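Visitor: Pasting final_23.cif here (mmCIF, C-alpha atoms):
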```cif
data_coords
loop_
_atom_site.label_atom_id
_atom_site.label_comp_id
_atom_site.auth_asym_id
_atom_site.auth_seq_id
_atom_site.Cartn_x
_atom_site.Cartn_y
_atom_site.Cartn_z
CA MET A 1 11.35 -1.80 20.74
CA THR A 2 7.80 -0.59 20.94
CA THR A 3 5.01 -3.10 20.64
CA LEU A 4 2.79 -2.01 17.83
CA THR A 5 -0.89 -2.37 17.32
CA ALA A 6 -1.78 -2.43 13.65
CA GLN A 7 -3.47 0.75 12.47
CA THR A 8 -7.25 0.75 12.20
CA THR A 9 -7.10 3.14 9.25
CA GLN A 10 -4.38 2.45 6.69
CA VAL A 11 -3.62 4.66 3.72
CA TYR A 12 -1.54 3.66 0.70
CA ASN A 13 -0.78 5.97 -2.16
CA VAL A 14 1.01 5.16 -5.39
CA PHE A 15 1.52 6.89 -8.75
CA ILE A 16 1.11 4.65 -11.79
CA ARG A 17 1.86 5.39 -15.43
CA ALA A 18 -1.53 4.22 -16.69
CA THR A 19 -4.99 5.60 -17.38
CA PRO A 20 -7.78 5.53 -14.76
CA GLU A 21 -9.63 3.05 -17.01
CA GLN A 22 -6.66 0.67 -17.03
CA ILE A 23 -6.45 0.83 -13.26
CA TRP A 24 -10.19 0.28 -12.92
CA ASP A 25 -10.00 -2.83 -15.09
CA ALA A 26 -6.96 -4.07 -13.20
CA ILE A 27 -8.79 -3.94 -9.85
CA THR A 28 -12.18 -5.26 -11.01
CA LYS A 29 -11.30 -8.11 -13.40
CA SER A 30 -9.81 -11.44 -12.44
CA GLU A 31 -7.68 -11.73 -15.58
CA PHE A 32 -5.61 -8.91 -14.04
CA THR A 33 -5.96 -9.50 -10.30
CA GLN A 34 -4.60 -13.01 -10.46
CA GLN A 35 -1.34 -11.58 -11.78
CA TYR A 36 -0.62 -9.35 -8.78
CA PHE A 37 -3.15 -9.96 -5.95
CA TYR A 38 -1.60 -13.09 -4.40
CA GLY A 39 -3.15 -15.03 -7.27
CA ALA A 40 -6.68 -14.07 -6.17
CA ARG A 41 -9.37 -14.02 -8.83
CA ILE A 42 -11.46 -10.94 -8.16
CA ASP A 43 -14.43 -9.75 -10.20
CA VAL A 44 -16.61 -6.76 -9.39
CA ARG A 45 -20.08 -7.11 -10.87
CA ASP A 46 -23.75 -6.76 -9.94
CA GLY A 47 -22.95 -4.86 -6.78
CA ARG A 48 -20.69 -7.56 -5.36
CA ARG A 49 -16.97 -8.17 -5.28
CA PHE A 50 -16.45 -11.87 -5.96
CA ALA A 51 -13.12 -13.31 -4.83
CA ALA A 52 -11.50 -16.70 -5.08
CA VAL A 53 -8.18 -17.98 -3.79
CA GLY A 54 -7.56 -21.64 -4.58
CA ASP A 55 -10.78 -23.45 -3.61
CA THR A 56 -11.97 -20.72 -1.25
CA GLU A 57 -14.63 -18.49 -2.74
CA TRP A 58 -16.44 -15.58 -1.13
CA ASP A 59 -17.93 -12.23 -1.97
CA GLU A 60 -18.15 -8.80 -0.44
CA GLU A 61 -20.61 -5.93 -0.72
CA VAL A 62 -19.82 -3.10 -3.13
CA LEU A 63 -20.78 0.07 -1.24
CA GLU A 64 -19.98 2.52 -4.03
CA ALA A 65 -18.85 2.09 -7.63
CA ASP A 66 -18.06 5.09 -9.80
CA PRO A 67 -15.96 3.79 -12.71
CA PRO A 68 -13.17 4.66 -13.28
CA ARG A 69 -12.80 6.94 -10.24
CA LYS A 70 -13.95 5.30 -7.06
CA LEU A 71 -14.70 1.87 -5.67
CA VAL A 72 -15.71 1.17 -2.08
CA HIS A 73 -16.30 -2.36 -0.84
CA GLY A 74 -16.42 -4.47 2.28
CA TRP A 75 -13.44 -6.63 3.20
CA ILE A 76 -13.56 -10.11 4.69
CA SER A 77 -10.34 -12.06 5.23
CA ALA A 78 -11.92 -15.34 4.10
CA TYR A 79 -8.53 -16.51 2.74
CA ASP A 80 -7.13 -16.67 6.28
CA PRO A 81 -8.90 -19.09 8.69
CA GLU A 82 -7.75 -17.10 11.73
CA ALA A 83 -9.02 -13.75 10.46
CA ALA A 84 -12.07 -15.00 8.56
CA THR A 85 -14.41 -14.70 11.53
CA GLU A 86 -13.48 -11.10 12.27
CA GLU A 87 -15.89 -8.26 11.57
CA PRO A 88 -15.91 -6.94 8.00
CA SER A 89 -13.79 -3.84 7.33
CA ARG A 90 -13.90 -1.42 4.42
CA VAL A 91 -11.65 -0.70 1.42
CA THR A 92 -11.81 2.48 -0.68
CA TRP A 93 -9.98 2.83 -4.00
CA GLU A 94 -9.60 6.39 -5.28
CA ILE A 95 -8.32 6.86 -8.82
CA GLU A 96 -7.24 10.39 -9.78
CA PRO A 97 -5.67 11.29 -13.14
CA GLN A 98 -2.62 13.60 -12.98
CA ASP A 99 -0.68 15.42 -15.68
CA GLY A 100 1.56 13.51 -18.05
CA GLY A 101 -0.27 10.19 -18.28
CA ILE A 102 0.15 9.44 -14.58
CA THR A 103 -2.66 8.34 -12.28
CA LYS A 104 -2.68 8.58 -8.51
CA LEU A 105 -4.14 5.56 -6.81
CA THR A 106 -5.06 5.74 -3.13
CA VAL A 107 -6.21 2.75 -1.13
CA VAL A 108 -7.75 3.39 2.27
CA HIS A 109 -8.44 0.32 4.38
CA ASP A 110 -10.45 1.39 7.41
CA GLN A 111 -13.10 0.30 9.90
CA LEU A 112 -10.56 -2.25 11.08
CA GLU A 113 -11.44 -1.84 14.78
CA GLY A 114 -13.18 -5.23 14.86
CA ALA A 115 -10.52 -6.97 12.77
CA PRO A 116 -7.10 -6.78 14.46
CA LYS A 117 -5.69 -9.87 12.70
CA THR A 118 -6.78 -8.51 9.34
CA ALA A 119 -5.27 -5.10 10.17
CA GLU A 120 -1.95 -6.75 10.91
CA SER A 121 -1.86 -9.02 7.87
CA VAL A 122 -2.99 -6.49 5.26
CA ALA A 123 -0.37 -3.91 6.27
CA GLY A 124 2.40 -5.70 4.39
CA GLY A 125 -0.11 -7.17 1.95
CA TRP A 126 -1.23 -3.89 0.46
CA MET A 127 2.35 -2.82 -0.21
CA TYR A 128 3.02 -6.04 -2.08
CA VAL A 129 -0.26 -5.83 -4.01
CA LEU A 130 0.14 -2.17 -5.04
CA SER A 131 3.77 -2.56 -5.99
CA GLY A 132 2.75 -5.54 -8.12
CA LEU A 133 -0.15 -3.65 -9.69
CA LYS A 134 2.17 -0.77 -10.63
CA THR A 135 4.71 -3.12 -12.21
CA LEU A 136 2.02 -5.04 -14.10
CA LEU A 137 0.45 -1.91 -15.59
CA GLU A 138 3.74 -0.22 -16.41
CA THR A 139 5.63 -3.18 -17.83
CA GLY A 140 2.86 -5.60 -18.80
CA LYS A 141 4.53 -8.24 -16.64
CA PRO A 142 3.89 -9.37 -13.05
CA LEU A 143 6.42 -8.34 -10.37
CA THR A 144 7.09 -11.95 -9.43
CA SER A 145 6.80 -14.77 -11.87
CA MET B 1 7.34 11.92 -7.65
CA ASP B 2 10.84 10.53 -7.89
CA ASP B 3 13.37 8.64 -5.81
CA ASP B 4 15.50 11.79 -5.32
CA GLN B 5 12.68 13.47 -3.43
CA VAL B 6 12.21 10.40 -1.24
CA PHE B 7 15.92 10.16 -0.38
CA LYS B 8 16.12 13.91 0.32
CA ALA B 9 13.05 13.74 2.55
CA LEU B 10 14.57 10.84 4.48
CA ALA B 11 17.96 12.57 4.84
CA ASP B 12 16.82 14.52 7.88
CA PRO B 13 16.53 13.19 11.46
CA THR B 14 13.47 15.29 12.33
CA ARG B 15 11.58 14.01 9.32
CA ARG B 16 12.53 10.41 10.09
CA HIS B 17 11.36 11.02 13.65
CA LEU B 18 8.01 12.27 12.32
CA LEU B 19 7.67 9.12 10.21
CA ASP B 20 8.47 7.00 13.28
CA ARG B 21 5.74 8.77 15.26
CA LEU B 22 3.26 8.10 12.45
CA PHE B 23 4.40 4.49 12.19
CA GLU B 24 3.51 4.03 15.86
CA ARG B 25 0.15 5.69 15.45
CA ASP B 26 -1.24 6.88 12.16
CA GLY B 27 -3.82 9.52 11.35
CA ARG B 28 -2.55 12.35 13.55
CA THR B 29 -3.17 16.07 13.43
CA LEU B 30 -0.46 18.69 13.18
CA THR B 31 -1.16 19.72 16.78
CA GLU B 32 -0.59 16.17 18.05
CA LEU B 33 2.66 15.79 16.11
CA GLU B 34 3.85 19.21 17.18
CA SER B 35 3.32 18.43 20.87
CA GLU B 36 5.95 15.67 20.69
CA LEU B 37 8.66 17.77 19.07
CA GLU B 38 10.78 20.60 20.39
CA MET B 39 9.97 22.71 17.41
CA SER B 40 7.70 25.51 16.29
CA ARG B 41 4.42 24.73 14.56
CA PHE B 42 5.82 26.34 11.44
CA GLY B 43 8.91 24.12 11.55
CA VAL B 44 6.84 20.94 11.87
CA MET B 45 4.60 22.11 9.03
CA LYS B 46 7.61 22.67 6.82
CA HIS B 47 8.96 19.17 7.46
CA LEU B 48 5.53 17.60 6.92
CA ARG B 49 5.31 19.46 3.63
CA VAL B 50 8.59 17.93 2.42
CA LEU B 51 7.38 14.46 3.46
CA GLU B 52 4.07 15.04 1.70
CA ASP B 53 5.76 16.24 -1.50
CA ALA B 54 7.85 13.07 -1.49
CA GLY B 55 4.69 10.99 -1.06
CA LEU B 56 5.81 9.64 2.33
CA VAL B 57 2.96 11.33 4.16
CA VAL B 58 -0.61 11.53 2.90
CA THR B 59 -3.18 13.85 4.44
CA ARG B 60 -6.90 13.25 4.59
CA ARG B 61 -9.68 15.42 5.91
CA GLU B 62 -11.92 13.93 8.51
CA GLY B 63 -14.58 16.41 9.51
CA ARG B 64 -12.75 19.57 10.48
CA GLU B 65 -9.44 17.83 11.05
CA LYS B 66 -6.57 17.23 8.69
CA LEU B 67 -5.01 13.89 9.53
CA HIS B 68 -1.51 12.77 8.55
CA PHE B 69 -0.88 9.20 7.48
CA LEU B 70 2.38 7.44 6.77
CA ASN B 71 2.44 6.16 3.19
CA PRO B 72 4.97 3.32 3.00
CA MET B 73 4.71 2.89 -0.78
CA PRO B 74 7.68 5.06 -1.91
CA ILE B 75 10.01 3.14 0.43
CA ARG B 76 8.52 -0.15 -0.68
CA LEU B 77 9.09 0.73 -4.34
CA ILE B 78 12.72 1.61 -3.61
CA HIS B 79 12.99 -1.73 -1.81
CA ASP B 80 11.52 -3.60 -4.77
CA ARG B 81 13.72 -1.68 -7.20
CA TRP B 82 17.03 -2.09 -5.33
CA ILE B 83 17.00 -4.60 -2.50
CA ASP B 84 15.22 -7.36 -4.39
CA LYS B 85 17.89 -7.13 -7.04
CA TYR B 86 20.60 -7.87 -4.46
CA THR B 87 18.62 -10.71 -2.94
CA GLU B 88 18.18 -12.24 -6.39
CA HIS B 89 21.90 -11.86 -6.93
CA ARG B 90 22.70 -13.63 -3.68
CA VAL B 91 20.35 -16.48 -4.49
CA ALA B 92 21.97 -16.78 -7.92
CA ALA B 93 25.43 -16.78 -6.34
CA LEU B 94 24.45 -19.59 -3.96
CA ALA B 95 23.02 -21.58 -6.84
CA ASP B 96 26.29 -21.14 -8.73
CA LEU B 97 28.29 -22.19 -5.68
CA LYS B 98 26.17 -25.30 -5.30
CA LEU B 99 26.76 -26.28 -8.94
CA GLU B 100 30.48 -25.60 -8.59
CA LEU B 101 30.80 -27.72 -5.44
CA GLU B 102 28.78 -30.56 -6.89
CA ASP B 103 30.90 -30.49 -10.02
CA THR B 104 34.17 -30.80 -8.15
CA ALA B 105 32.85 -33.35 -5.67
#
```
Can you present the structure in this file as structure tokens?
Guide:
Amino acid sequence: MTTLTAQTTQVYNVFIRATPEQIWDAITKSEFTQQYFYGARIDVRDGRRFAAVGDTEWDEEVLEADPPRKLVHGWISAYDPEAATEEPSRVTWEIEPQDGGITKLTVVHDQLEGAPKTAESVAGGWMYVLSGLKTLLETGKPLTS
Amino acid sequence: MDDDQVFKALADPTRRHLLDRLFERDGRTLTELESELEMSRFGVMKHLRVLEDAGLVVTRREGREKLHFLNPMPIRLIHDRWIDKYTEHRVAALADLKLELEDTA
């Protein structure tokens, strides 16, 4: 067994049968995010990304917003007491339409050098979130009920 | 992008080895990956191409370099599609067993 250090740049890529606009809405509006993002209520507006999990509320800086193609924002693990004090990292969402009503969604989580706990916890997290997002958009129902 | 391509890409020890290397450290160049394999640059390129077509490897440009990243999503989706079903089944079977045992007790 090799001991692994979580990657400081993580890339996730998934094809979804949905329009770029649908994906944009699903990642920027809480009515959607709470159905697949660990119940988090996330709203992107006025240059901030507002998030809430249970009673914990926080917000992150939106570094670039080009609807419905690209969203770049800071990431703070405020939902996890152990990782909350780590340095902010960065998340980039790239939304690219393909032929046949399919859209390619790429999530790059980088600048994780100052956030090792975050890097470790989001690795499995992103897979769960993106799988759930795909199921929600393609079937209209959350992956887990 | 379909499951067939993913299974075919995984049905080769060299390609699985490449994925293992990327799992240990992501964001590598062709030259780095090539240096760890007893294989020509062309051979490694060919395998990376199959992995990329299956969506298991994603490349990104960083300056003048092309970096290769492991994309775990296709495997995760196969997991969600198949393995979860079996887990659900097992949980259901245990629930049935519990009811059965309680009934006869």
Visitor: Let me know the residues the PyMOL selection byres ((chain B) within 10 of (chain A)) catches in the file above, as number ranges by chain.
Guide: B: 1, 22-27, 55-60, 68-77, 80
Visitor: Closest to A:Thr28 among A:Gly74, A:Pro88, A:Pro68, A:Pro97, using all atoms listed in the file?
Guide: A:Pro68
Visitor: Within 9 Å of B:Leu18, counting only C-alpha atoms, which residues show up once you throw out same-chain ones fewer than 5 positions away? Write them as a ChimeraX atom specification, please.
Guide: /B:13,23,33,37,44,47-48
Visitor: When you draw a straight line from atom CA of A:Thr19 to atom CA of A:Lys104, how long is it in Å?
Guide: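 These two atoms are separated by 9.6 Å.
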Visitor: May I have the residues within 10 Å of A:Ile42 as a ChimeraX atom specification, using all atoms listed in the file and disregarding those fewer than 5 positions away in the same chain?
Guide: /A:26-34,37,49-53,57-59
Visitor: When you look at A:Ser77 with a cut-off of 9 Å (counting all atoms listed in the file), what residues show up, excluding the ones that are within fewer than 6 positions of it in the same chain? I need them as number ranges by chain.
Guide: A: 83-86, 88, 118
Visitor: Mind giving me the straight-line distance from atom CA of A:Ser89 to atom CA of A:His73 in Å, one decimal?
Guide: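 A separation of 8.7 Å between them.
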Visitor: Quick one: pull the distance between atom CA of B:Lys66 and atom CA of A:Glu87, Å, one decimal.
Guide: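 Atom CA of A:Glu87 lies 27.3 Å from atom CA of B:Lys66.
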Visitor: Given the file shown, enumerate the residues that the PyMOL selection byres ((chain A and resi 71) around 9) captures and present them as a list in words.
Guide: Trp24, Val62, Leu63, Glu64, Ala65, Asp66, Pro67, Pro68, Arg69, Lys70, Val72, His73, Val91, Thr92, Trp93, Glu94 and Ile95 of chain A
